[in-house]
Amino acid sequence: MSKYWSKTAKRIRPYIPGEQPKDRKYIKLNTNENPYPPSANAINAIKLAACDTLRLYPDPSGDALRDTIARYIRLKMGNVFIGNGSDELLAFSFPAFFEPEGPPVLFAEITYSFYPVYAEFFNIPYRLIGVDDEFNVSAEDYFQENGGIIIANPNAPTGKGLSLTDIRKILEKNKDQVVIIDEAYIDFGGKSAACLIDDYSNLLVIRTLSKSHSLAGLRVGYALGSEELIEGMIRVKDSINSYTVDRLAQAGALAAIQDDAYFQETRSKIIRTRERVSAKLKDFGFLVIPSEANFVFISSPQYPGRILFQRLRDEGILVRYFDKPKIDNFLRVTIGTDEEMDCFLEIIGLICGKT
């Protein structure tokens, strides 16, 4: 540790992103990226913005993009906030809605591993909600004193979804706290909680264009909520960097959302491939957790997770391994193209002696 680091820099345990290797060409199934290219309309919009207006600052509030999102979701522009991917939106949410002193924020013990990183960075106390042997979380476990709630739906890294009925129960029991539903993977099978925003002023839904719209490299996300919650996020954003989403990102995101036909086509392809791959892995004897995301969470009866991860890597296939209690025998496998997944199935079948 450097003597120049602050106490915060010394204390925090940073999030570790998925591997982005450069040593060789891999079939990359480890970071939940969309295997299909972005909408051609989005690419053209980005090119036009680059040629025409890049010398100018972007609209700091991104009103054109916010209005497009609002119309698509059937909300008002005042219910929409945009940012650099959902991770930035989560980062703004912690200081906007959670207190360093007070009851703990609640989130599941097995979920997106950035939540405890943010909590520690902002000195927010938190409490983990246990999951059962099938990675289910009970809505009733959130019926306790808290300073806020975060739920990834579908959950990561398991892919399991929580019903709108359960989400509504949680909102009803926590009307004085902000409940954040992180919907990074909602477009691959879940039901969005955005339809509940008019009924619950304490609900904040966070979404991203990285996965479902093939724009992980552009970094655009958006939050949906009551105008008072959106105003809280704007106050935090404007205290850090007013120009968070650049012109290229705003232009590309707007065009991608408007191209709904292409979005529906690619998400449907991924869902069909996920179901086919899940069925084949079950035939191989794998435990496959039911997924509503663009990945599957699997465990082999023959090989520990760490060993199978390395065997696949040696064969040129990257998947995600988490060296953590309860999930250290599981691998998270992103759904790629049919060709990529056929290669994955062939190699994993050979490793496990199933072909």
# chains A, B, ... in the order shown; residues from 1 in each chain; ligands from 1

$ residues_around --residues "stretch 141-148 of chain A" --least-positions-apart "3" --cutoff "10 Å" --atoms "only C-alpha atoms" --output "VMD selection string"
chain A and resid 94 97 to 108 124 to 127 129 to 131 137 to 138 169 to 180 202

$ residues_around --residues "A:Ile298" --least-positions-apart "4" --cutoff "10 Å" --atoms "only C-alpha atoms" --output "ChimeraX atom specification"
/A:158,278,281-282,286-290,305,327,329-333

$ write_last_selection --atoms "N, CA and C atoms" --output "tab-separated table (two decimals), in the first residue's frame"
chain	number	residue	atom	x	y	z
A	158	THR	N	-26.70	-16.21	-10.46
A	158	THR	CA	-27.52	-17.41	-10.59
A	158	THR	C	-28.50	-17.37	-11.75
A	278	SER	N	-29.27	-25.33	-22.02
A	278	SER	CA	-29.63	-25.82	-20.69
A	278	SER	C	-30.10	-27.28	-20.76
A	281	LEU	N	-27.06	-29.58	-21.37
A	281	LEU	CA	-26.23	-29.72	-20.17
A	281	LEU	C	-26.90	-30.64	-19.14
A	282	LYS	N	-28.21	-30.56	-19.05
A	282	LYS	CA	-28.93	-31.48	-18.15
A	282	LYS	C	-28.77	-32.92	-18.63
A	286	PHE	N	-25.41	-32.28	-15.73
A	286	PHE	CA	-25.12	-31.05	-14.99
A	286	PHE	C	-26.35	-30.58	-14.21
A	287	LEU	N	-26.11	-29.95	-13.09
A	287	LEU	CA	-27.13	-29.18	-12.41
A	287	LEU	C	-27.16	-27.81	-13.08
A	288	VAL	N	-28.32	-27.44	-13.61
A	288	VAL	CA	-28.49	-26.17	-14.29
A	288	VAL	C	-29.55	-25.36	-13.56
A	289	ILE	N	-29.15	-24.25	-12.97
A	289	ILE	CA	-30.11	-23.41	-12.25
A	289	ILE	C	-31.02	-22.72	-13.28
A	290	PRO	N	-32.35	-22.77	-13.09
A	290	PRO	CA	-33.26	-22.11	-14.04
A	290	PRO	C	-32.89	-20.63	-14.20
A	305	GLY	N	-15.68	-26.90	-9.59
A	305	GLY	CA	-15.79	-25.75	-10.46
A	305	GLY	C	-14.46	-25.21	-10.92
A	327	ILE	N	-20.95	-21.18	-3.90
A	327	ILE	CA	-20.98	-21.18	-5.37
A	327	ILE	C	-19.63	-21.59	-5.98
A	329	ASN	N	-18.47	-24.40	-6.63
A	329	ASN	CA	-18.55	-25.54	-7.53
A	329	ASN	C	-19.40	-25.24	-8.76
A	330	PHE	N	-19.71	-23.97	-8.96
A	330	PHE	CA	-20.52	-23.55	-10.10
A	330	PHE	C	-19.71	-22.71	-11.07
A	331	LEU	N	-20.16	-22.73	-12.32
A	331	LEU	CA	-19.62	-21.86	-13.35
A	331	LEU	C	-20.77	-21.06	-13.95
A	332	ARG	N	-20.50	-19.79	-14.25
A	332	ARG	CA	-21.47	-18.98	-14.96
A	332	ARG	C	-21.05	-18.92	-16.42
A	333	VAL	N	-21.95	-19.33	-17.30
A	333	VAL	CA	-21.64	-19.43	-18.73
A	333	VAL	C	-22.54	-18.48	-19.51

$ select_by_dssp --residues "stretch 47-178 of chain A" --states "alpha helix (DSSP H)" --output "ChimeraX atom specification"
/A:47-52,63-73,85-97,114-121,164-173

$ write_last_selection --atoms "N, CA and C atoms" --output "short mmCIF file (atom, residue, chain, number, x, y, z; two decimals), in the first residue's frame"
data_model
loop_
_atom_site.label_atom_id
_atom_site.label_comp_id
_atom_site.auth_asym_id
_atom_site.auth_seq_id
_atom_site.Cartn_x
_atom_site.Cartn_y
_atom_site.Cartn_z
N LYS A 47 -21.80 7.31 -35.72
CA LYS A 47 -20.93 7.89 -36.75
C LYS A 47 -21.34 9.33 -37.06
N LEU A 48 -22.62 9.56 -37.16
CA LEU A 48 -23.10 10.91 -37.47
C LEU A 48 -22.75 11.88 -36.34
N ALA A 49 -22.95 11.43 -35.10
CA ALA A 49 -22.63 12.29 -33.96
C ALA A 49 -21.14 12.61 -33.91
N ALA A 50 -20.32 11.63 -34.27
CA ALA A 50 -18.86 11.83 -34.24
C ALA A 50 -18.43 12.86 -35.28
N CYS A 51 -19.07 12.83 -36.43
CA CYS A 51 -18.68 13.74 -37.50
C CYS A 51 -19.23 15.15 -37.31
N ASP A 52 -20.38 15.24 -36.65
CA ASP A 52 -21.12 16.50 -36.68
C ASP A 52 -20.96 17.34 -35.42
N ASP A 63 -31.81 14.92 -22.37
CA ASP A 63 -33.27 14.94 -22.45
C ASP A 63 -33.82 14.14 -23.63
N ALA A 64 -33.17 14.18 -24.78
CA ALA A 64 -33.69 13.43 -25.93
C ALA A 64 -33.70 11.93 -25.65
N LEU A 65 -32.61 11.44 -25.05
CA LEU A 65 -32.55 10.02 -24.70
C LEU A 65 -33.54 9.70 -23.58
N ARG A 66 -33.62 10.56 -22.58
CA ARG A 66 -34.58 10.33 -21.50
C ARG A 66 -36.01 10.28 -22.02
N ASP A 67 -36.33 11.17 -22.94
CA ASP A 67 -37.69 11.20 -23.51
C ASP A 67 -37.96 9.92 -24.30
N THR A 68 -36.97 9.46 -25.05
CA THR A 68 -37.13 8.22 -25.82
C THR A 68 -37.37 7.03 -24.90
N ILE A 69 -36.58 6.96 -23.83
CA ILE A 69 -36.76 5.87 -22.86
C ILE A 69 -38.12 5.95 -22.19
N ALA A 70 -38.51 7.15 -21.80
CA ALA A 70 -39.80 7.33 -21.13
C ALA A 70 -40.95 6.88 -22.02
N ARG A 71 -40.91 7.25 -23.29
CA ARG A 71 -41.96 6.84 -24.22
C ARG A 71 -41.98 5.33 -24.38
N TYR A 72 -40.80 4.72 -24.43
CA TYR A 72 -40.71 3.28 -24.61
C TYR A 72 -41.25 2.53 -23.39
N ILE A 73 -40.95 3.04 -22.20
CA ILE A 73 -41.38 2.38 -20.96
C ILE A 73 -42.79 2.81 -20.57
N GLY A 85 -23.67 3.39 -17.85
CA GLY A 85 -23.88 2.01 -17.44
C GLY A 85 -24.57 1.92 -16.09
N SER A 86 -25.10 0.77 -15.79
CA SER A 86 -25.82 0.60 -14.53
C SER A 86 -24.91 0.69 -13.31
N ASP A 87 -23.63 0.38 -13.47
CA ASP A 87 -22.72 0.47 -12.33
C ASP A 87 -22.61 1.91 -11.81
N GLU A 88 -22.55 2.88 -12.71
CA GLU A 88 -22.50 4.27 -12.28
C GLU A 88 -23.80 4.67 -11.58
N LEU A 89 -24.93 4.19 -12.09
CA LEU A 89 -26.21 4.49 -11.46
C LEU A 89 -26.27 3.94 -10.05
N LEU A 90 -25.75 2.73 -9.87
CA LEU A 90 -25.69 2.15 -8.52
C LEU A 90 -24.78 2.98 -7.62
N ALA A 91 -23.66 3.44 -8.18
CA ALA A 91 -22.73 4.25 -7.40
C ALA A 91 -23.38 5.55 -6.94
N PHE A 92 -24.17 6.17 -7.80
CA PHE A 92 -24.88 7.39 -7.41
C PHE A 92 -25.97 7.10 -6.38
N SER A 93 -26.57 5.92 -6.46
CA SER A 93 -27.69 5.58 -5.58
C SER A 93 -27.27 5.47 -4.12
N PHE A 94 -26.09 4.97 -3.87
CA PHE A 94 -25.67 4.77 -2.47
C PHE A 94 -25.63 6.08 -1.70
N PRO A 95 -24.91 7.11 -2.17
CA PRO A 95 -24.92 8.36 -1.40
C PRO A 95 -26.25 9.12 -1.52
N ALA A 96 -27.03 8.84 -2.58
CA ALA A 96 -28.30 9.55 -2.73
C ALA A 96 -29.36 9.05 -1.76
N PHE A 97 -29.35 7.74 -1.43
CA PHE A 97 -30.48 7.18 -0.70
C PHE A 97 -30.14 6.42 0.58
N PHE A 114 -20.69 -6.24 -6.71
CA PHE A 114 -20.37 -4.82 -6.59
C PHE A 114 -21.12 -4.18 -5.41
N TYR A 115 -22.23 -4.76 -4.97
CA TYR A 115 -23.01 -4.13 -3.90
C TYR A 115 -22.20 -3.95 -2.61
N PRO A 116 -21.52 -4.98 -2.11
CA PRO A 116 -20.72 -4.75 -0.90
C PRO A 116 -19.54 -3.80 -1.12
N VAL A 117 -19.02 -3.76 -2.36
CA VAL A 117 -17.93 -2.82 -2.67
C VAL A 117 -18.42 -1.38 -2.51
N TYR A 118 -19.58 -1.07 -3.08
CA TYR A 118 -20.14 0.27 -2.94
C TYR A 118 -20.44 0.58 -1.48
N ALA A 119 -21.00 -0.39 -0.78
CA ALA A 119 -21.36 -0.17 0.62
C ALA A 119 -20.12 0.19 1.43
N GLU A 120 -19.04 -0.53 1.21
CA GLU A 120 -17.81 -0.26 1.96
C GLU A 120 -17.19 1.08 1.54
N PHE A 121 -17.25 1.38 0.26
CA PHE A 121 -16.66 2.63 -0.23
C PHE A 121 -17.38 3.84 0.39
N LEU A 164 -43.04 -10.43 -9.61
CA LEU A 164 -43.56 -9.09 -9.30
C LEU A 164 -44.42 -9.12 -8.05
N THR A 165 -45.05 -10.25 -7.78
CA THR A 165 -45.84 -10.38 -6.54
C THR A 165 -44.95 -10.21 -5.32
N ASP A 166 -43.79 -10.87 -5.34
CA ASP A 166 -42.86 -10.75 -4.21
C ASP A 166 -42.27 -9.35 -4.13
N ILE A 167 -41.95 -8.76 -5.26
CA ILE A 167 -41.42 -7.39 -5.26
C ILE A 167 -42.43 -6.43 -4.68
N ARG A 168 -43.69 -6.59 -5.06
CA ARG A 168 -44.74 -5.73 -4.52
C ARG A 168 -44.85 -5.90 -2.99
N LYS A 169 -44.75 -7.11 -2.51
CA LYS A 169 -44.79 -7.36 -1.07
C LYS A 169 -43.66 -6.62 -0.35
N ILE A 170 -42.46 -6.69 -0.94
CA ILE A 170 -41.30 -6.03 -0.34
C ILE A 170 -41.49 -4.52 -0.33
N LEU A 171 -42.02 -3.97 -1.41
CA LEU A 171 -42.28 -2.53 -1.48
C LEU A 171 -43.32 -2.11 -0.43
N GLU A 172 -44.34 -2.91 -0.28
CA GLU A 172 -45.39 -2.59 0.69
C GLU A 172 -44.86 -2.56 2.12
N LYS A 173 -43.95 -3.48 2.43
CA LYS A 173 -43.42 -3.59 3.80
C LYS A 173 -42.30 -2.61 4.08
#

$ closest_residue --among "A:Ala255, A:Ile317, A:Cys343, A:Ile110" --to "A:Asn44" --atoms "only C-alpha atoms"
A:Ala255

$ atom_distance --atom1 "atom CA of A:Met77" --atom2 "atom CA of A:Ser226"
10.5 Å

$ atom_distance --atom1 "atom CA of A:Pro37" --atom2 "atom CA of A:Ser214"
6.0 Å

$ select_by_dssp --residues "stretch 126-344 of chain A" --states "strand (DSSP E)" --output "PyMOL selection string"
chain A and resi 126-129+148-152+179-182+203-208+221-225+287-289+295-299+317-318+320-321+330-334

$ write_last_selection --atoms "N, CA and C atoms" --output "tab-separated table (two decimals), in the first residue's frame"
chain	number	residue	atom	x	y	z
A	126	TYR	N	-24.36	-2.78	5.92
A	126	TYR	CA	-25.22	-3.67	5.16
A	126	TYR	C	-25.36	-5.02	5.86
A	127	ARG	N	-26.43	-5.71	5.51
A	127	ARG	CA	-26.70	-7.04	6.06
A	127	ARG	C	-27.05	-7.96	4.90
A	128	LEU	N	-26.50	-9.17	4.93
A	128	LEU	CA	-26.74	-10.13	3.86
A	128	LEU	C	-27.97	-10.99	4.17
A	129	ILE	N	-28.79	-11.17	3.15
A	129	ILE	CA	-29.96	-12.03	3.24
A	129	ILE	C	-29.59	-13.40	2.70
A	148	GLY	N	-32.51	0.46	3.49
A	148	GLY	CA	-32.70	0.37	2.05
A	148	GLY	C	-32.50	-1.07	1.60
A	149	ILE	N	-32.93	-1.36	0.38
A	149	ILE	CA	-32.87	-2.73	-0.14
A	149	ILE	C	-32.38	-2.68	-1.59
A	150	ILE	N	-31.53	-3.64	-1.95
A	150	ILE	CA	-31.10	-3.81	-3.34
A	150	ILE	C	-31.34	-5.26	-3.75
A	151	ILE	N	-32.03	-5.44	-4.85
A	151	ILE	CA	-32.32	-6.78	-5.35
A	151	ILE	C	-31.96	-6.83	-6.84
A	152	ALA	N	-31.07	-7.73	-7.21
A	152	ALA	CA	-30.79	-7.97	-8.62
A	152	ALA	C	-31.84	-8.95	-9.13
A	179	VAL	N	-36.19	0.99	-2.33
A	179	VAL	CA	-35.98	-0.38	-2.79
A	179	VAL	C	-35.48	-0.29	-4.24
A	180	ILE	N	-34.25	-0.74	-4.46
A	180	ILE	CA	-33.64	-0.71	-5.79
A	180	ILE	C	-33.74	-2.10	-6.41
A	181	ILE	N	-34.34	-2.16	-7.61
A	181	ILE	CA	-34.39	-3.40	-8.37
A	181	ILE	C	-33.42	-3.25	-9.54
A	182	ASP	N	-32.37	-4.01	-9.51
A	182	ASP	CA	-31.31	-3.96	-10.52
A	182	ASP	C	-31.68	-4.94	-11.64
A	203	LEU	N	-39.63	3.07	-5.13
A	203	LEU	CA	-39.06	2.09	-6.06
A	203	LEU	C	-38.14	2.76	-7.07
A	204	LEU	N	-36.92	2.24	-7.18
A	204	LEU	CA	-35.97	2.67	-8.21
A	204	LEU	C	-35.57	1.44	-9.02
A	205	VAL	N	-35.82	1.48	-10.31
A	205	VAL	CA	-35.45	0.40	-11.22
A	205	VAL	C	-34.23	0.84	-12.02
A	206	ILE	N	-33.19	0.02	-12.03
A	206	ILE	CA	-31.96	0.34	-12.75
A	206	ILE	C	-31.75	-0.67	-13.87
A	207	ARG	N	-31.51	-0.14	-15.08
A	207	ARG	CA	-31.36	-1.00	-16.24
A	207	ARG	C	-30.14	-0.57	-17.05
A	208	THR	N	-29.74	-1.42	-18.00
A	208	THR	CA	-28.56	-1.14	-18.81
A	208	THR	C	-28.81	-1.56	-20.26
A	221	GLY	N	-26.66	3.34	-19.16
A	221	GLY	CA	-27.69	2.73	-18.35
A	221	GLY	C	-28.72	3.78	-17.99
A	222	TYR	N	-29.83	3.34	-17.43
A	222	TYR	CA	-30.83	4.31	-17.02
A	222	TYR	C	-31.57	3.82	-15.78
A	223	ALA	N	-32.02	4.79	-15.00
A	223	ALA	CA	-32.80	4.51	-13.80
A	223	ALA	C	-34.21	5.03	-13.99
A	224	LEU	N	-35.18	4.30	-13.44
A	224	LEU	CA	-36.58	4.67	-13.51
A	224	LEU	C	-37.14	4.76	-12.10
A	225	GLY	N	-37.84	5.85	-11.81
A	225	GLY	CA	-38.39	6.00	-10.48
A	225	GLY	C	-39.23	7.25	-10.36
A	287	LEU	N	-26.11	-29.95	-13.09
A	287	LEU	CA	-27.13	-29.18	-12.41
A	287	LEU	C	-27.16	-27.81	-13.08
A	288	VAL	N	-28.32	-27.44	-13.61
A	288	VAL	CA	-28.49	-26.17	-14.29
A	288	VAL	C	-29.55	-25.36	-13.56
A	289	ILE	N	-29.15	-24.25	-12.97
A	289	ILE	CA	-30.11	-23.41	-12.25
A	289	ILE	C	-31.02	-22.72	-13.28
A	295	PHE	N	-27.31	-15.93	-19.38
A	295	PHE	CA	-26.28	-16.87	-18.95
A	295	PHE	C	-26.95	-18.02	-18.21
A	296	VAL	N	-26.17	-19.08	-18.01
A	296	VAL	CA	-26.63	-20.20	-17.18
A	296	VAL	C	-25.60	-20.44	-16.08
A	297	PHE	N	-26.08	-20.90	-14.95
A	297	PHE	CA	-25.25	-21.18	-13.78
A	297	PHE	C	-25.28	-22.68	-13.57
A	298	ILE	N	-24.11	-23.33	-13.72
A	298	ILE	CA	-24.09	-24.79	-13.82
A	298	ILE	C	-23.07	-25.40	-12.87
A	299	SER	N	-23.32	-26.65	-12.51
A	299	SER	CA	-22.39	-27.39	-11.66
A	299	SER	C	-22.27	-28.81	-12.18
A	317	ILE	N	-11.93	-21.72	-24.10
A	317	ILE	CA	-13.26	-21.24	-23.77
A	317	ILE	C	-13.22	-20.59	-22.39
A	318	LEU	N	-13.60	-19.33	-22.32
A	318	LEU	CA	-13.62	-18.61	-21.06
A	318	LEU	C	-15.03	-18.60	-20.49
A	320	ARG	N	-17.00	-17.94	-16.31
A	320	ARG	CA	-16.73	-17.22	-15.06
A	320	ARG	C	-16.79	-18.17	-13.87
A	321	TYR	N	-15.73	-18.15	-13.06
A	321	TYR	CA	-15.66	-18.93	-11.84
A	321	TYR	C	-15.58	-18.00	-10.66
A	330	PHE	N	-19.71	-23.97	-8.96
A	330	PHE	CA	-20.52	-23.55	-10.10
A	330	PHE	C	-19.71	-22.71	-11.07
A	331	LEU	N	-20.16	-22.73	-12.32
A	331	LEU	CA	-19.62	-21.86	-13.35
A	331	LEU	C	-20.77	-21.06	-13.95
A	332	ARG	N	-20.50	-19.79	-14.25
A	332	ARG	CA	-21.47	-18.98	-14.96
A	332	ARG	C	-21.05	-18.92	-16.42
A	333	VAL	N	-21.95	-19.33	-17.30
A	333	VAL	CA	-21.64	-19.43	-18.73
A	333	VAL	C	-22.54	-18.48	-19.51
A	334	THR	N	-21.95	-17.47	-20.13
A	334	THR	CA	-22.70	-16.54	-20.97
A	334	THR	C	-23.21	-17.27	-22.21
